[in-house]
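Let me begin by presenting the structure, written as structure tokens, before commenting on it.
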Amino acid sequence: MRTSVINRFAKNDRAFSGRRRIATVAATVVLAGGVQLLATDTAWACGDHRLNGAYEAPANVPGLSPDTSIVSAKSSVVADGSWNEVSVKVTNKAAEDAHGMEPFLGIHTPGSGAAARLKDVRIQYLDYTGAWKNLQLIDGCSRVVDITGSQRQRMAANSSVTFRFRYSLAAATPAGVTTIDLLASTEMAGSQGPGDSGFKPVKVTPPQDTAGAKPTTPAKPAPTKDTKPAPAKPATEQTKDTAPAAPAPKPTTPTAAPATTAPAGTPELAQTGSSSTNTFLAASSALLLALGAGVLIAVRRLRPQR
């Protein structure tokens with residue numbers, strides 16, 4: 001009888017030890033996954049549909065964002081801080097108005113070498129008042145410098161609107177950046193997916209080196225043998241022959257331009273917050289860490305029950 005009880009206890013202990021080892025391994029994997037998510041960037045979860053050329057949305061799918069295309073942009077720019085304009089056309093093909101529509105422009109550096117940085121890029125947007133507005137930039141996924149937003153507004157059904165952006169690359173842009181891709185897209189509140197996106201590769205050249213150039217001076221005309229200088233006239237004759245100088249124009253007082261006010265209901269720049277991708281990653285990491293910690297605590301509490 002004693003031997004059978006001991007054998008049964010040994011069998012139960014071996015089974016319990018196996019389950020405990022499995023639980024420990026599972027907790028370790030969960031914790032490692034959470035730490036890995038916190039330590040890496042968001043490129044794995046980006047899934048940016050704009051990176052592989054002009055994206056074409058599936059047909060006959062309701063609720064998609066308006067389509068976007070780049071209709072005007074330079075094919076080559078100089079990284080000297082000068083502005084380069086981009087015209088983006090947004091088309092709402094739906095039979096209903098698009099509410100909360102907002103165009104976006106991003107700059108992607110292809111390859112795996114040097115990339116354009118946040119401090120190298122400036123992007124502006126021409127708003128409804130005709131003024132260029134600075135846009136806030138963020139480090140997007142997969143070597144993309146993105147804007148956080150431009151200006152939300154409503155688009156009528158079956159209509160198109162052309163928006164104007166402009167960007168510049170600083171002279172301090174890494175020399176290895178020889179090509180960039182312009183990425184244009186449109187987001188809409190409550191969208192069921194992206195619409196068509198615009199894509200245009202642009203060649204980048206470094207600024208011209210003008211530090212070593214020497215200034216040129218105009219050449220003096222060589223005197224000729226047959227030409228003799230004309231005798232100078234007396235001061236009295238010069239006074240008679242000289243026409244009186246015209247009176248100086250009276251200064252004009254500039255008139256102030258009439259102040260313009262935006263019409264009622266005109267959209268303003270949208271207030272933007274943190275990236276939704278980063279929020280998802282942070283929440284996922286916190287959940288994984290909490291789950292792993294809970295498993296380890298449960299395993300430790302089971303040990304005294306042996």
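Chain lettering (A, B, ...) mirrors the order of the structure tokens, residue numbering begins at 1 for each chain separately, and ligand numbering begins at 1 in order of display.
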
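Around region 197-205 of chain A, within 7 Å and counting only C-alpha atoms, the residues found are A:Arg50, A:Gly53, A:Ala54, A:Tyr55, A:Glu56, A:Asp67, A:Thr68, A:Ser69, A:Ile70, A:Ser75, A:Ser76, A:Val77, A:Val78, A:Ala79, A:Val177, A:Thr178, A:Thr179, A:Ile180, A:Asp181, A:Leu182, A:Leu183, A:Ala184, A:Ser185, once anything fewer than 3 positions away on its own chain is removed.
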
Region 43-121 of chain A: residues DSSP assigns to strand (DSSP E), reported as a ChimeraX atom specification = /A:67-73,76-78,84-92,98-108,121

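Every residue of region 28-226 of chain A found in alpha helix (DSSP H) when DSSP is run on the backbone appears here: A:Thr28, A:Val29, A:Val30, A:Leu31, A:Ala32, A:Gly33, A:Gly34, A:Val35, A:Gln36, A:Leu37, A:Leu38, A:Ala39.
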
Keeping only N, CA, C and O atoms, write the selected residues to a file as a CSV table (one decimal), in the first residue's frame.
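Written file, selection_4.csv:
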chain,number,residue,atom,x,y,z
A,28,THR,N,8.1,32.8,-20.7
A,28,THR,CA,9.3,33.4,-21.2
A,28,THR,C,9.2,33.9,-22.7
A,28,THR,O,9.6,35.0,-23.0
A,29,VAL,N,8.4,33.1,-23.5
A,29,VAL,CA,8.2,33.5,-24.9
A,29,VAL,C,7.4,34.8,-24.9
A,29,VAL,O,7.7,35.7,-25.7
A,30,VAL,N,6.3,34.9,-24.1
A,30,VAL,CA,5.5,36.0,-24.1
A,30,VAL,C,6.3,37.3,-23.7
A,30,VAL,O,6.2,38.3,-24.3
A,31,LEU,N,7.1,37.1,-22.6
A,31,LEU,CA,7.9,38.3,-22.2
A,31,LEU,C,8.9,38.7,-23.2
A,31,LEU,O,9.1,39.9,-23.4
A,32,ALA,N,9.5,37.7,-23.8
A,32,ALA,CA,10.5,38.1,-24.8
A,32,ALA,C,9.9,38.8,-26.0
A,32,ALA,O,10.4,39.7,-26.6
A,33,GLY,N,8.7,38.4,-26.4
A,33,GLY,CA,8.0,39.0,-27.5
A,33,GLY,C,7.6,40.5,-27.1
A,33,GLY,O,7.8,41.4,-27.9
A,34,GLY,N,7.2,40.7,-25.9
A,34,GLY,CA,6.8,42.1,-25.5
A,34,GLY,C,8.0,43.0,-25.5
A,34,GLY,O,8.0,44.1,-25.9
A,35,VAL,N,9.2,42.5,-24.9
A,35,VAL,CA,10.4,43.3,-24.9
A,35,VAL,C,10.9,43.6,-26.3
A,35,VAL,O,11.3,44.6,-26.6
A,36,GLN,N,10.7,42.6,-27.2
A,36,GLN,CA,11.2,42.8,-28.6
A,36,GLN,C,10.4,43.9,-29.3
A,36,GLN,O,10.9,44.7,-30.0
A,37,LEU,N,9.1,43.9,-29.0
A,37,LEU,CA,8.2,44.9,-29.6
A,37,LEU,C,8.6,46.3,-29.1
A,37,LEU,O,8.6,47.3,-29.9
A,38,LEU,N,9.0,46.4,-27.8
A,38,LEU,CA,9.4,47.7,-27.3
A,38,LEU,C,10.7,48.1,-27.8
A,38,LEU,O,11.0,49.3,-27.9
A,39,ALA,N,11.6,47.2,-28.1
A,39,ALA,CA,13.0,47.6,-28.5
A,39,ALA,C,13.1,47.9,-30.0
A,39,ALA,O,14.0,48.5,-30.4

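Interatomic distance, CA of Arg152 (chain A) against CA of Ala115 (chain A): 29.6 Å.
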
key: Coordinates-based distance that separates CA of Arg117 (chain A) from CA of Met188 (chain A) (Å, one decimal)   = 27.5 Å

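The list of residues with at least one atom within 7 Å of Ile147 (chain A), based on only C-alpha atoms and without residues fewer than 5 positions apart in the same chain, reads Phe104, Leu105, Gly106, Leu135, Gln136, Leu137 and Ile138 of chain A.
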
Output file for the residues above (N, CA and C atoms, as a PDB file, in the first residue's frame):
ATOM      1  N   PHE A 104      -2.231  63.947 -47.853  1.00  0.00           N
ATOM      2  CA  PHE A 104      -0.943  63.744 -47.196  1.00  0.00           C
ATOM      3  C   PHE A 104       0.164  63.682 -48.247  1.00  0.00           C
ATOM      4  N   LEU A 105       1.365  64.085 -47.819  1.00  0.00           N
ATOM      5  CA  LEU A 105       2.553  63.982 -48.668  1.00  0.00           C
ATOM      6  C   LEU A 105       3.708  63.465 -47.823  1.00  0.00           C
ATOM      7  N   GLY A 106       4.387  62.440 -48.324  1.00  0.00           N
ATOM      8  CA  GLY A 106       5.540  61.871 -47.637  1.00  0.00           C
ATOM      9  C   GLY A 106       6.737  61.804 -48.566  1.00  0.00           C
ATOM     10  N   LEU A 135       4.153  72.377 -42.002  1.00  0.00           N
ATOM     11  CA  LEU A 135       3.503  71.165 -41.521  1.00  0.00           C
ATOM     12  C   LEU A 135       4.449  70.406 -40.595  1.00  0.00           C
ATOM     13  N   GLN A 136       3.875  69.820 -39.562  1.00  0.00           N
ATOM     14  CA  GLN A 136       4.668  69.032 -38.622  1.00  0.00           C
ATOM     15  C   GLN A 136       5.034  67.700 -39.259  1.00  0.00           C
ATOM     16  N   LEU A 137       6.278  67.262 -39.037  1.00  0.00           N
ATOM     17  CA  LEU A 137       6.785  66.038 -39.654  1.00  0.00           C
ATOM     18  C   LEU A 137       7.032  64.975 -38.594  1.00  0.00           C
ATOM     19  N   ILE A 138       6.949  63.713 -39.011  1.00  0.00           N
ATOM     20  CA  ILE A 138       7.258  62.585 -38.145  1.00  0.00           C
ATOM     21  C   ILE A 138       8.090  61.581 -38.923  1.00  0.00           C
TER      22      ILE A 138
END
